[in-house]
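Structure record follows, encoded as structure tokens.
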Amino acid sequence: MSEIKTIALLGQPNSGKSTLFNNLTGLHQRVGNWPGKTVEQAEGSFVFDGVTYRVVDLPGSYGLSANSEEEVVTRDYIQSGKADLVCILVDASQLERSLYMLADFVGIRMPVMLVLNMMDVAEAAGKKIDAVAIEKRLGVPVLGFSAAESARYPEFFKKMVSAIKTPVCLDSGSLREELVGGKSEGEDVVSRIEAALGDFEYGVCEKIWIAEKLLEKDKLICGIVNETLPFARKNAIDAILDSEEGRDGGILTGEAKYRWVSKIVRESATPKSIEKVFSKWDRIATHHVKGKFFAFGIMVVSLMACMILAFPGMGIGFGLQPILESAVERIGTSLGIWPVVISFVKLVLVGGTCITVCMTSFIFSIIFVFRILEEIGYMARFSYAFDSWLSRLGLQGKAIMPLFSGIGCTAGAVCGTRVLDTRGQRLLALVLLWAIPCGSKVAVVLFLASTFFGSAAPLFGVGYVALIFASFYLSSRLFGKKLVPQNERVGMIMELPPYHKPHWKMIAAMVGRSTWAIFKKALKMILMVAALFWALSYAGDGNVENTLLYKIGNAIEPVTMFFGMRWELFVSYLGGMFSKEASLGIMSTLFNHTGEAFSLVTRVAASENLGEALANTITKPEALAFLFASMFNVPCVLAMGTTYREAGSFKWLCTIMGYYVALSLGLGFIGYHIGLLFF
Amino acid sequence: MKNSDFIDRLSLAEMGENRCGTVAQIEGDSRFISRIVSIGLTPGSAFTLLKNDGRSPVLVFCRDTVIAVNHKESSQIFVKVES
């Protein structure tokens, strides 16, 4: 059996951690949850020189304090000692600030390697950093690196292998000097706390680290010390923490850590000029009015770029479907194959694959465009511009981007929620996102509104927008508290990363890999659903009344009528969960008696006289019910798939689905019964 | 005498654009302190105020980084302005 080594990646958000993780592990990664936490756990592996390396991508955090679930998870993992090497990533272009993470790590007895990432950006900003000098000073392996340049990876592997072979921990001596300050030995707060801690031991953490965390009033460490220390020593520590020096402990340790960092940086790096960091461009991007217009402009352009990028894929999917379908029909009939097989191949295999190609092409374009926006550093500017609006819902400003792209395609936008920093934020954004109608949903709603209510249709448009905002309010009340706890909602404190040049090759490779992974999963799921529906709706003689769906639909009609939906409408509603086109296609079959078989994969948006046929059969209250139910129906099968992928849990997918089924049927119910009063 | 006894304490929220200063004191709970310290603002750190329009988050340049601090929170950070 080959050897397995574990590497943990630690770094602040925007340190390029995910780029390194993706490039190391490629397709060999899986994303799940940390047990019992709403924090994402990304793990992957790669093989180098016959050794398997397991890579754990720790959640991005600014330091090792236990202020958020992300930070708790990160710290727990490091303290568990499971890693053979902790690889600390810092942004070389913001060296002094991002080295804080390293300073916070001092006192933890774990082998480390420091990666000064984004050296290319630092160099472009006129900054010179001497990695060798830093390595000498720290005594641990240090690598100047750029995770987005594939040519630099051999250096990384070399350094990593030697760092694992001869593991070295950071020495706490130099940080101690800074913490002690000018005090004589034993007189300073840190030494006094250490003395009071006595023989207290806490895994890989040195006493100096424990003392720092006590001074920073770290809840977890304070709790553990409180539980384990005898009363007298606990009191002694409390007394020190209550003293004038101890009260400002967080400031004291912070200052010491930055002094420690400054000494490293000032000797081995030249600062960059201020003109380069805050350009005229940024003055506009951060203006309280112009900045928002500017951001809206970027969003519109991005959405258009998404449409254009998705076009070839959509074209192929759309274009091939009728050609392949008729080919299957022709070849099948001429070979005398059973009609049931032909029907299955046509409606499930061919239709399902083509629809997956169409749907995935939009996902591809959204991931691509988002990746670029993030890579060049604009995503953070979105946060700046929209934080004040979205923080009311409990979200970061940059959530505006996935929410906005929901207008294009919900399934794609769901993948875009990856830009948010915490899993709670991501889940909350997912919940809100499902309410935002994509182009197809808008088309269905407007079609129904104009069919039944003619000139009053625009009113429904306005009402729809109002309902969407109302649903935002409802969702953030229902889910916000749990997903983004009030005490984690601090006002915005973040860095604006410098603009970067995008590394096209790297972006293309990463986006290609993600899209392929999504396509494979989506295909499986869509084929399964299409096959199930096909089985329910197949009738040898093509008569709708001989299908299972007809029988089931009729059987449950008394229940669905409660929500104002006769069985035909309810089946169309269910079809809408697959795709909006399916919803219209099913209505065409059921109301228009076109003689076509039921199909989820039909691309005929609505047959010409569907409107007329509907208006003749359906009453206005029923129409209201169906209209409202369609507004908040589950987006589509692919959106379910990507939501499952992003949420990383089946439970959350079911929760969100259940919420929207309840919401849409509830609104349908209200619409129906109000309609009964008026019509 | 503590810094808080100064009568003419100036917070980041009240500081004018394009001026340089140093952080004098930070007030708030340990959570806020830990967050603000980890992003690079500590007493004694020199910075340049890039932007302060009175409502949007304040932008400062400190330790090689452009940092945005919510306007409300920025009034908890007291500064000495270089004349």
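Quick note on naming: the chains in the structure tokens go A, B, ... in the order shown, residues restart at 1 in each chain, and ligands are numbered from 1 in order of appearance.
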
Spatial neighbours of Thr228 in chain A, max dist 12 Å, only C-alpha atoms, sep filter under 2 positions, as a PyMOL selection string:
chain A and resi 197-202+221-226+230-234

If we count only C-alpha atoms, what is near Val357 in chain A at a cut-off of 8 Å, once residues fewer than 5 positions away on the same chain are taken out, given as a PDB file with N, CA and C atoms, in the first residue's frame?
ATOM      1  N   GLY A 313     -23.442  26.138 -26.780  1.00  0.00           N
ATOM      2  CA  GLY A 313     -23.925  24.922 -26.142  1.00  0.00           C
ATOM      3  C   GLY A 313     -25.425  24.751 -26.307  1.00  0.00           C
ATOM      4  N   MET A 314     -26.151  25.863 -26.097  1.00  0.00           N
ATOM      5  CA  MET A 314     -27.605  25.842 -26.263  1.00  0.00           C
ATOM      6  C   MET A 314     -27.950  25.461 -27.688  1.00  0.00           C
ATOM      7  N   ILE A 316     -26.214  23.766 -29.859  1.00  0.00           N
ATOM      8  CA  ILE A 316     -25.950  22.351 -30.138  1.00  0.00           C
ATOM      9  C   ILE A 316     -27.070  21.485 -29.564  1.00  0.00           C
ATOM     10  N   GLY A 317     -27.422  21.737 -28.296  1.00  0.00           N
ATOM     11  CA  GLY A 317     -28.468  20.954 -27.648  1.00  0.00           C
ATOM     12  C   GLY A 317     -29.801  21.068 -28.386  1.00  0.00           C
ATOM     13  N   PHE A 519     -21.872  18.391 -15.400  1.00  0.00           N
ATOM     14  CA  PHE A 519     -22.565  17.780 -16.532  1.00  0.00           C
ATOM     15  C   PHE A 519     -22.829  16.297 -16.257  1.00  0.00           C
TER      16      PHE A 519
END

Please tabulate, as a Markdown table, the residues of chain A that come within 6 Å of chain B, each with its closest pair of atoms and the distance in Å to one decimal, counting only C-alpha atoms and ordering rows by chain, then residue number upward.
| residue | atom | partner | partner_atom | distance |
| --- | --- | --- | --- | --- |
| A:Tyr62 | CA | B:Ser38 | CA | 5.9 |
| A:Gln94 | CA | B:Asp64 | CA | 5.1 |
| A:Glu96 | CA | B:Arg63 | CA | 5.6 |
| A:Arg97 | CA | B:Gly40 | CA | 5.4 |
| A:Gly254 | CA | B:Val37 | CA | 5.9 |
| A:Glu255 | CA | B:Thr42 | CA | 5.9 |
| A:Gly491 | CA | B:Asn70 | CA | 5.4 |
| A:Met492 | CA | B:Asn70 | CA | 4.9 |
| A:Ile493 | CA | B:Val69 | CA | 4.6 |
| A:Met494 | CA | B:Ala68 | CA | 5.4 |
| A:Glu495 | CA | B:Ile67 | CA | 4.3 |
| A:Leu496 | CA | B:Val66 | CA | 5.4 |

So that I can check the secondary structure, give me every residue of chain B assigned strand (DSSP E or B) by backbone DSSP, as a VMD selection string.
chain B and resid 10 to 11 20 to 26 46 to 51 58 to 62 65 to 69 77 to 81

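Ranking A:Met401, A:Ala163, A:Val39, A:Val55 by their shortest atom-to-atom distance to Leu24 in chain A, with only C-alpha atoms included, puts A:Val55 first.
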
According to DSSP computed on the backbone, where in range 184-353 of chain A is there alpha helix (DSSP H)? Give the residues as a short mmCIF file (atom, residue, chain, number, x, y, z; two decimals) with N, CA and C atoms, in the first residue's frame.
data_model
loop_
_atom_site.label_atom_id
_atom_site.label_comp_id
_atom_site.auth_asym_id
_atom_site.auth_seq_id
_atom_site.Cartn_x
_atom_site.Cartn_y
_atom_site.Cartn_z
N VAL A 189 2.29 40.26 31.39
CA VAL A 189 1.06 39.49 31.56
C VAL A 189 1.17 38.07 31.02
N VAL A 190 1.80 37.92 29.85
CA VAL A 190 1.84 36.60 29.24
C VAL A 190 2.58 35.62 30.15
N SER A 191 3.75 36.02 30.65
CA SER A 191 4.51 35.12 31.52
C SER A 191 3.73 34.83 32.80
N ARG A 192 3.02 35.84 33.30
CA ARG A 192 2.26 35.63 34.54
C ARG A 192 1.13 34.63 34.32
N ILE A 193 0.46 34.75 33.16
CA ILE A 193 -0.61 33.78 32.86
C ILE A 193 -0.01 32.39 32.69
N GLU A 194 1.12 32.33 31.99
CA GLU A 194 1.76 31.01 31.78
C GLU A 194 2.10 30.37 33.13
N ALA A 195 2.59 31.19 34.05
CA ALA A 195 2.95 30.66 35.37
C ALA A 195 1.71 30.13 36.07
N ALA A 196 0.59 30.89 35.94
CA ALA A 196 -0.65 30.48 36.59
C ALA A 196 -1.23 29.21 35.96
N LEU A 197 -0.97 29.04 34.67
CA LEU A 197 -1.47 27.84 33.98
C LEU A 197 -0.78 26.58 34.50
N LYS A 207 1.87 26.84 25.87
CA LYS A 207 1.21 27.68 26.86
C LYS A 207 1.14 29.15 26.43
N ILE A 208 2.14 29.55 25.66
CA ILE A 208 2.15 30.96 25.23
C ILE A 208 0.93 31.23 24.34
N TRP A 209 0.55 30.25 23.53
CA TRP A 209 -0.60 30.42 22.64
C TRP A 209 -1.89 30.47 23.46
N ILE A 210 -1.94 29.59 24.48
CA ILE A 210 -3.11 29.59 25.36
C ILE A 210 -3.23 30.95 26.05
N ALA A 211 -2.09 31.47 26.51
CA ALA A 211 -2.10 32.75 27.21
C ALA A 211 -2.61 33.86 26.28
N GLU A 212 -2.14 33.84 25.04
CA GLU A 212 -2.61 34.85 24.07
C GLU A 212 -4.12 34.77 23.91
N LYS A 213 -4.62 33.55 23.72
CA LYS A 213 -6.06 33.40 23.48
C LYS A 213 -6.87 33.81 24.70
N LEU A 214 -6.31 33.55 25.91
CA LEU A 214 -7.01 34.01 27.11
C LEU A 214 -7.08 35.53 27.12
N LEU A 215 -5.98 36.16 26.74
CA LEU A 215 -5.96 37.62 26.70
C LEU A 215 -6.94 38.15 25.65
N LYS A 219 -13.56 32.55 23.55
CA LYS A 219 -14.58 31.85 24.36
C LYS A 219 -14.24 30.39 24.62
N LEU A 220 -13.79 29.68 23.58
CA LEU A 220 -13.53 28.25 23.74
C LEU A 220 -12.39 27.99 24.72
N ILE A 221 -11.28 28.73 24.53
CA ILE A 221 -10.13 28.53 25.40
C ILE A 221 -10.46 28.93 26.83
N CYS A 222 -11.16 30.06 26.99
CA CYS A 222 -11.55 30.48 28.34
C CYS A 222 -12.38 29.39 29.00
N GLY A 223 -13.29 28.79 28.21
CA GLY A 223 -14.15 27.74 28.75
C GLY A 223 -13.36 26.53 29.21
N ILE A 224 -12.41 26.10 28.38
CA ILE A 224 -11.63 24.91 28.71
C ILE A 224 -10.78 25.14 29.95
N VAL A 225 -10.14 26.32 30.00
CA VAL A 225 -9.30 26.64 31.15
C VAL A 225 -10.15 26.69 32.40
N ASN A 226 -11.33 27.27 32.28
CA ASN A 226 -12.24 27.37 33.42
C ASN A 226 -12.64 26.01 33.96
N GLU A 227 -12.84 25.07 33.03
CA GLU A 227 -13.30 23.75 33.44
C GLU A 227 -12.20 22.92 34.08
N THR A 228 -10.98 23.07 33.56
CA THR A 228 -9.94 22.13 33.98
C THR A 228 -9.05 22.63 35.12
N PHE A 231 -9.45 25.84 41.29
CA PHE A 231 -10.05 27.13 41.61
C PHE A 231 -9.04 28.26 41.83
N ALA A 232 -8.03 27.97 42.61
CA ALA A 232 -7.08 29.02 42.99
C ALA A 232 -6.35 29.56 41.76
N ARG A 233 -5.93 28.62 40.87
CA ARG A 233 -5.17 29.07 39.71
C ARG A 233 -6.07 29.80 38.72
N LYS A 234 -7.33 29.35 38.68
CA LYS A 234 -8.29 30.01 37.82
C LYS A 234 -8.48 31.46 38.27
N ASN A 235 -8.60 31.62 39.59
CA ASN A 235 -8.76 32.97 40.14
C ASN A 235 -7.57 33.85 39.82
N ALA A 236 -6.39 33.24 39.92
CA ALA A 236 -5.18 34.01 39.64
C ALA A 236 -5.21 34.52 38.20
N ILE A 237 -5.64 33.64 37.28
CA ILE A 237 -5.70 34.05 35.88
C ILE A 237 -6.74 35.14 35.69
N ASP A 238 -7.92 34.95 36.31
CA ASP A 238 -8.96 35.97 36.20
C ASP A 238 -8.46 37.33 36.68
N ALA A 239 -7.70 37.28 37.77
CA ALA A 239 -7.17 38.54 38.31
C ALA A 239 -6.25 39.22 37.30
N ILE A 240 -5.41 38.42 36.65
CA ILE A 240 -4.50 39.01 35.66
C ILE A 240 -5.31 39.58 34.49
N LEU A 241 -6.31 38.82 34.05
CA LEU A 241 -7.10 39.27 32.90
C LEU A 241 -7.91 40.52 33.24
N ASP A 242 -8.25 40.67 34.53
CA ASP A 242 -9.03 41.84 34.94
C ASP A 242 -8.16 43.08 35.19
N GLU A 244 -5.43 46.12 34.51
CA GLU A 244 -5.50 47.12 33.43
C GLU A 244 -4.87 46.61 32.14
N GLU A 245 -3.75 45.90 32.27
CA GLU A 245 -3.08 45.35 31.09
C GLU A 245 -3.91 44.26 30.44
N GLY A 246 -4.50 43.42 31.32
CA GLY A 246 -5.24 42.26 30.85
C GLY A 246 -6.50 42.63 30.13
N ARG A 247 -7.11 43.75 30.56
CA ARG A 247 -8.38 44.14 29.97
C ARG A 247 -8.26 44.43 28.48
N GLY A 249 -6.27 43.02 26.51
CA GLY A 249 -5.42 41.92 26.07
C GLY A 249 -5.40 41.70 24.58
N GLY A 250 -6.60 41.82 23.95
CA GLY A 250 -6.69 41.59 22.52
C GLY A 250 -5.84 42.56 21.73
N ILE A 251 -5.81 43.81 22.22
CA ILE A 251 -5.00 44.83 21.56
C ILE A 251 -3.52 44.53 21.78
N LEU A 252 -3.20 44.16 23.03
CA LEU A 252 -1.80 43.88 23.39
C LEU A 252 -1.22 42.77 22.51
N THR A 253 -1.94 41.67 22.39
CA THR A 253 -1.40 40.57 21.58
C THR A 253 -1.37 40.95 20.10
N GLY A 254 -2.41 41.67 19.67
CA GLY A 254 -2.46 42.09 18.26
C GLY A 254 -1.26 42.95 17.90
N GLU A 255 -0.98 43.93 18.77
CA GLU A 255 0.16 44.81 18.51
C GLU A 255 1.46 44.00 18.45
N ALA A 256 1.59 43.07 19.40
CA ALA A 256 2.81 42.27 19.46
C ALA A 256 2.97 41.44 18.19
N LYS A 257 1.87 40.85 17.73
CA LYS A 257 1.95 40.03 16.53
C LYS A 257 2.34 40.85 15.32
N TYR A 258 1.76 42.04 15.21
CA TYR A 258 2.13 42.87 14.05
C TYR A 258 3.55 43.40 14.15
N ARG A 259 4.03 43.64 15.37
CA ARG A 259 5.44 44.05 15.51
C ARG A 259 6.33 42.93 15.02
N TRP A 260 5.95 41.72 15.39
CA TRP A 260 6.70 40.53 14.97
C TRP A 260 6.70 40.43 13.45
N VAL A 261 5.52 40.62 12.84
CA VAL A 261 5.38 40.57 11.38
C VAL A 261 6.21 41.67 10.73
N SER A 262 6.09 42.89 11.28
CA SER A 262 6.79 44.03 10.68
C SER A 262 8.28 43.77 10.58
N LYS A 263 8.84 43.16 11.65
CA LYS A 263 10.27 42.92 11.64
C LYS A 263 10.66 41.98 10.51
N ILE A 264 9.80 41.00 10.24
CA ILE A 264 10.09 40.08 9.14
C ILE A 264 10.00 40.81 7.81
N VAL A 265 8.90 41.54 7.66
CA VAL A 265 8.61 42.16 6.37
C VAL A 265 9.56 43.29 6.05
N ARG A 266 9.82 44.13 7.04
CA ARG A 266 10.61 45.33 6.76
C ARG A 266 12.02 44.97 6.33
N GLU A 267 12.51 43.81 6.78
CA GLU A 267 13.86 43.41 6.39
C GLU A 267 13.89 42.71 5.04
N SER A 268 12.76 42.13 4.66
CA SER A 268 12.81 41.29 3.46
C SER A 268 11.89 41.72 2.32
N LYS A 280 -8.12 55.81 -9.85
CA LYS A 280 -9.31 56.59 -10.20
C LYS A 280 -10.49 55.66 -10.39
N TRP A 281 -10.19 54.54 -10.99
CA TRP A 281 -11.14 53.47 -11.24
C TRP A 281 -11.86 53.07 -9.95
N ASP A 282 -11.07 52.92 -8.90
CA ASP A 282 -11.64 52.52 -7.63
C ASP A 282 -12.45 53.64 -6.99
N ARG A 283 -12.07 54.88 -7.28
CA ARG A 283 -12.84 56.00 -6.75
C ARG A 283 -14.27 55.93 -7.25
N ILE A 284 -14.42 55.54 -8.51
CA ILE A 284 -15.77 55.40 -9.08
C ILE A 284 -16.45 54.16 -8.50
N ALA A 285 -15.69 53.06 -8.47
CA ALA A 285 -16.28 51.79 -8.04
C ALA A 285 -16.77 51.83 -6.60
N LYS A 290 -22.46 56.46 -7.83
CA LYS A 290 -21.84 56.02 -9.08
C LYS A 290 -21.40 54.56 -9.00
N GLY A 291 -20.92 54.17 -7.83
CA GLY A 291 -20.43 52.81 -7.65
C GLY A 291 -21.52 51.78 -7.92
N LYS A 292 -22.75 52.11 -7.47
CA LYS A 292 -23.85 51.17 -7.67
C LYS A 292 -24.23 51.09 -9.15
N PHE A 293 -24.28 52.27 -9.80
CA PHE A 293 -24.57 52.26 -11.24
C PHE A 293 -23.51 51.47 -11.99
N PHE A 294 -22.28 51.73 -11.60
CA PHE A 294 -21.15 51.06 -12.22
C PHE A 294 -21.29 49.55 -12.05
N ALA A 295 -21.64 49.14 -10.82
CA ALA A 295 -21.78 47.71 -10.53
C ALA A 295 -22.94 47.12 -11.34
N PHE A 296 -24.04 47.87 -11.44
CA PHE A 296 -25.16 47.38 -12.24
C PHE A 296 -24.74 47.21 -13.69
N GLY A 297 -23.95 48.18 -14.16
CA GLY A 297 -23.44 48.08 -15.52
C GLY A 297 -22.65 46.79 -15.70
N ILE A 298 -21.75 46.52 -14.73
CA ILE A 298 -20.93 45.31 -14.81
C ILE A 298 -21.82 44.06 -14.80
N MET A 299 -22.86 44.11 -13.96
CA MET A 299 -23.74 42.94 -13.86
C MET A 299 -24.45 42.68 -15.18
N VAL A 300 -24.95 43.76 -15.79
CA VAL A 300 -25.67 43.60 -17.06
C VAL A 300 -24.71 43.07 -18.13
N VAL A 301 -23.52 43.66 -18.18
CA VAL A 301 -22.54 43.19 -19.17
C VAL A 301 -22.19 41.71 -18.91
N SER A 302 -22.01 41.36 -17.62
CA SER A 302 -21.67 39.97 -17.29
C SER A 302 -22.77 39.02 -17.72
N LEU A 303 -24.02 39.44 -17.46
CA LEU A 303 -25.14 38.57 -17.82
C LEU A 303 -25.19 38.37 -19.33
N MET A 304 -24.92 39.47 -20.05
CA MET A 304 -24.91 39.36 -21.51
C MET A 304 -23.78 38.44 -21.96
N ALA A 305 -22.64 38.60 -21.32
CA ALA A 305 -21.50 37.73 -21.65
C ALA A 305 -21.88 36.27 -21.40
N CYS A 306 -22.61 36.03 -20.30
CA CYS A 306 -23.06 34.67 -19.99
C CYS A 306 -23.93 34.12 -21.12
N MET A 307 -24.87 34.96 -21.57
CA MET A 307 -25.78 34.53 -22.64
C MET A 307 -24.99 34.14 -23.89
N ILE A 308 -24.03 35.03 -24.21
CA ILE A 308 -23.26 34.79 -25.44
C ILE A 308 -22.44 33.51 -25.31
N LEU A 309 -21.80 33.35 -24.13
CA LEU A 309 -20.97 32.16 -23.92
C LEU A 309 -21.81 30.89 -23.93
N ALA A 310 -23.05 31.01 -23.46
CA ALA A 310 -23.90 29.82 -23.37
C ALA A 310 -24.47 29.45 -24.73
N PHE A 311 -24.43 30.42 -25.64
CA PHE A 311 -25.12 30.24 -26.92
C PHE A 311 -24.69 29.00 -27.71
N PRO A 312 -23.39 28.78 -27.89
CA PRO A 312 -23.00 27.60 -28.68
C PRO A 312 -23.55 26.30 -28.10
N GLY A 313 -23.44 26.14 -26.78
CA GLY A 313 -23.93 24.92 -26.14
C GLY A 313 -25.43 24.75 -26.31
N MET A 314 -26.15 25.86 -26.10
CA MET A 314 -27.60 25.84 -26.26
C MET A 314 -27.95 25.46 -27.69
N GLY A 315 -27.21 26.07 -28.63
CA GLY A 315 -27.47 25.82 -30.05
C GLY A 315 -27.29 24.34 -30.38
N ILE A 316 -26.21 23.77 -29.86
CA ILE A 316 -25.95 22.35 -30.14
C ILE A 316 -27.07 21.48 -29.56
N GLY A 317 -27.42 21.74 -28.30
CA GLY A 317 -28.47 20.95 -27.65
C GLY A 317 -29.80 21.07 -28.39
N PHE A 318 -30.19 22.32 -28.62
CA PHE A 318 -31.46 22.59 -29.31
C PHE A 318 -31.47 21.99 -30.72
N GLY A 319 -30.37 22.25 -31.43
CA GLY A 319 -30.31 21.87 -32.84
C GLY A 319 -30.28 20.36 -33.03
N LEU A 320 -29.55 19.69 -32.16
CA LEU A 320 -29.39 18.24 -32.34
C LEU A 320 -30.64 17.45 -31.99
N GLN A 321 -31.41 17.98 -31.01
CA GLN A 321 -32.53 17.18 -30.49
C GLN A 321 -33.51 16.72 -31.58
N PRO A 322 -34.07 17.65 -32.40
CA PRO A 322 -35.01 17.17 -33.42
C PRO A 322 -34.33 16.25 -34.44
N ILE A 323 -33.08 16.56 -34.80
CA ILE A 323 -32.38 15.74 -35.79
C ILE A 323 -32.22 14.32 -35.26
N LEU A 324 -31.71 14.23 -34.01
CA LEU A 324 -31.49 12.90 -33.42
C LEU A 324 -32.80 12.16 -33.21
N GLU A 325 -33.80 12.90 -32.76
CA GLU A 325 -35.09 12.26 -32.49
C GLU A 325 -35.68 11.64 -33.76
N SER A 326 -35.62 12.42 -34.85
CA SER A 326 -36.21 11.87 -36.08
C SER A 326 -35.33 10.74 -36.61
N ALA A 327 -34.02 10.84 -36.38
CA ALA A 327 -33.13 9.76 -36.82
C ALA A 327 -33.46 8.47 -36.06
N VAL A 328 -33.65 8.59 -34.75
CA VAL A 328 -34.00 7.41 -33.94
C VAL A 328 -35.30 6.80 -34.44
N GLU A 329 -36.27 7.68 -34.67
CA GLU A 329 -37.58 7.25 -35.16
C GLU A 329 -37.44 6.46 -36.47
N ARG A 330 -36.67 7.08 -37.41
CA ARG A 330 -36.53 6.47 -38.74
C ARG A 330 -35.81 5.13 -38.68
N ILE A 331 -34.64 5.17 -38.05
CA ILE A 331 -33.84 3.95 -37.99
C ILE A 331 -34.58 2.87 -37.22
N GLY A 332 -35.17 3.26 -36.09
CA GLY A 332 -35.90 2.31 -35.26
C GLY A 332 -37.03 1.65 -36.02
N THR A 333 -37.82 2.45 -36.72
CA THR A 333 -38.96 1.89 -37.44
C THR A 333 -38.50 0.98 -38.57
N SER A 334 -37.44 1.43 -39.27
CA SER A 334 -37.00 0.61 -40.41
C SER A 334 -36.41 -0.71 -39.94
N LEU A 335 -35.86 -0.72 -38.73
CA LEU A 335 -35.31 -1.98 -38.21
C LEU A 335 -36.38 -2.81 -37.52
N PRO A 339 -41.93 -0.12 -30.63
CA PRO A 339 -42.18 1.31 -30.42
C PRO A 339 -41.82 1.77 -29.01
N VAL A 340 -42.01 0.87 -28.02
CA VAL A 340 -41.73 1.29 -26.65
C VAL A 340 -40.24 1.61 -26.47
N VAL A 341 -39.39 0.86 -27.16
CA VAL A 341 -37.95 1.12 -27.08
C VAL A 341 -37.62 2.43 -27.78
N ILE A 342 -38.21 2.60 -28.96
CA ILE A 342 -37.97 3.85 -29.70
C ILE A 342 -38.39 5.04 -28.84
N SER A 343 -39.56 4.91 -28.24
CA SER A 343 -40.07 6.00 -27.42
C SER A 343 -39.12 6.30 -26.27
N PHE A 344 -38.60 5.25 -25.65
CA PHE A 344 -37.68 5.43 -24.52
C PHE A 344 -36.40 6.14 -24.97
N GLY A 351 -33.55 13.00 -25.68
CA GLY A 351 -34.09 14.26 -25.15
C GLY A 351 -33.37 14.68 -23.88
N GLY A 352 -33.16 13.71 -22.97
CA GLY A 352 -32.51 14.03 -21.70
C GLY A 352 -31.10 14.54 -21.88
N THR A 353 -30.35 13.92 -22.80
CA THR A 353 -28.97 14.36 -23.02
C THR A 353 -28.94 15.75 -23.63
#

Neighbour list for Arg645 in chain A as a PyMOL selection string, cut-off 12 Å, only C-alpha atoms, skip fewer than 5 positions in-chain
chain A and resi 30-33+40+411-412+414-418+426-427+430+514+517-519+521-522+638-640+650-653

For a test of reading the model, state the distance in Å between CA of Phe479 in chain A and CA of Met577 in chain A, rounded to one decimal.
22.3 Å

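Here CA of Ile586 in chain A stands at a distance of 24.2 Å from CA of Ile670 in chain A.
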
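Taking CA of Phe460 in chain A and CA of Ile674 in chain A as endpoints, the distance between them is 14.8 Å.
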
Residues near Gly397 in chain A, anyone? I mean within 9 Å using only C-alpha atoms, not counting same-chain ones fewer than 4 positions away, as a PDB file with N, CA and C atoms, in the first residue's frame.
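Result file is selection27.pdb:
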ATOM      1  N   ALA A 380     -15.057  41.778  -4.737  1.00  0.00           N
ATOM      2  CA  ALA A 380     -14.998  42.473  -3.457  1.00  0.00           C
ATOM      3  C   ALA A 380     -15.614  43.868  -3.558  1.00  0.00           C
ATOM      4  N   ARG A 381     -15.511  44.488  -4.733  1.00  0.00           N
ATOM      5  CA  ARG A 381     -16.111  45.821  -4.929  1.00  0.00           C
ATOM      6  C   ARG A 381     -17.632  45.743  -4.905  1.00  0.00           C
ATOM      7  N   PHE A 382     -18.166  44.618  -5.363  1.00  0.00           N
ATOM      8  CA  PHE A 382     -19.614  44.412  -5.269  1.00  0.00           C
ATOM      9  C   PHE A 382     -20.034  44.446  -3.809  1.00  0.00           C
ATOM     10  N   SER A 383     -19.243  43.771  -2.986  1.00  0.00           N
ATOM     11  CA  SER A 383     -19.533  43.754  -1.562  1.00  0.00           C
ATOM     12  C   SER A 383     -19.582  45.168  -1.033  1.00  0.00           C
ATOM     13  N   TYR A 384     -18.578  45.942  -1.418  1.00  0.00           N
ATOM     14  CA  TYR A 384     -18.506  47.306  -0.920  1.00  0.00           C
ATOM     15  C   TYR A 384     -19.751  48.078  -1.338  1.00  0.00           C
ATOM     16  N   ALA A 385     -20.163  47.924  -2.599  1.00  0.00           N
ATOM     17  CA  ALA A 385     -21.262  48.725  -3.121  1.00  0.00           C
ATOM     18  C   ALA A 385     -22.623  48.299  -2.556  1.00  0.00           C
ATOM     19  N   PHE A 386     -22.802  47.036  -2.276  1.00  0.00           N
ATOM     20  CA  PHE A 386     -24.153  46.580  -1.944  1.00  0.00           C
ATOM     21  C   PHE A 386     -24.310  46.034  -0.532  1.00  0.00           C
ATOM     22  N   ASP A 387     -23.270  46.146   0.271  1.00  0.00           N
ATOM     23  CA  ASP A 387     -23.363  45.591   1.613  1.00  0.00           C
ATOM     24  C   ASP A 387     -24.513  46.188   2.419  1.00  0.00           C
ATOM     25  N   SER A 388     -24.703  47.511   2.274  1.00  0.00           N
ATOM     26  CA  SER A 388     -25.729  48.150   3.094  1.00  0.00           C
ATOM     27  C   SER A 388     -27.117  47.636   2.729  1.00  0.00           C
ATOM     28  N   TRP A 389     -27.316  47.277   1.472  1.00  0.00           N
ATOM     29  CA  TRP A 389     -28.636  46.758   1.086  1.00  0.00           C
ATOM     30  C   TRP A 389     -28.817  45.327   1.552  1.00  0.00           C
ATOM     31  N   LEU A 390     -27.838  44.506   1.232  1.00  0.00           N
ATOM     32  CA  LEU A 390     -28.034  43.077   1.452  1.00  0.00           C
ATOM     33  C   LEU A 390     -27.837  42.659   2.900  1.00  0.00           C
ATOM     34  N   SER A 391     -27.126  43.491   3.678  1.00  0.00           N
ATOM     35  CA  SER A 391     -26.916  43.105   5.073  1.00  0.00           C
ATOM     36  C   SER A 391     -28.257  43.060   5.797  1.00  0.00           C
ATOM     37  N   MET A 401     -24.447  39.479  -6.924  1.00  0.00           N
ATOM     38  CA  MET A 401     -24.076  38.930  -8.232  1.00  0.00           C
ATOM     39  C   MET A 401     -24.779  37.603  -8.533  1.00  0.00           C
TER      40      MET A 401
END
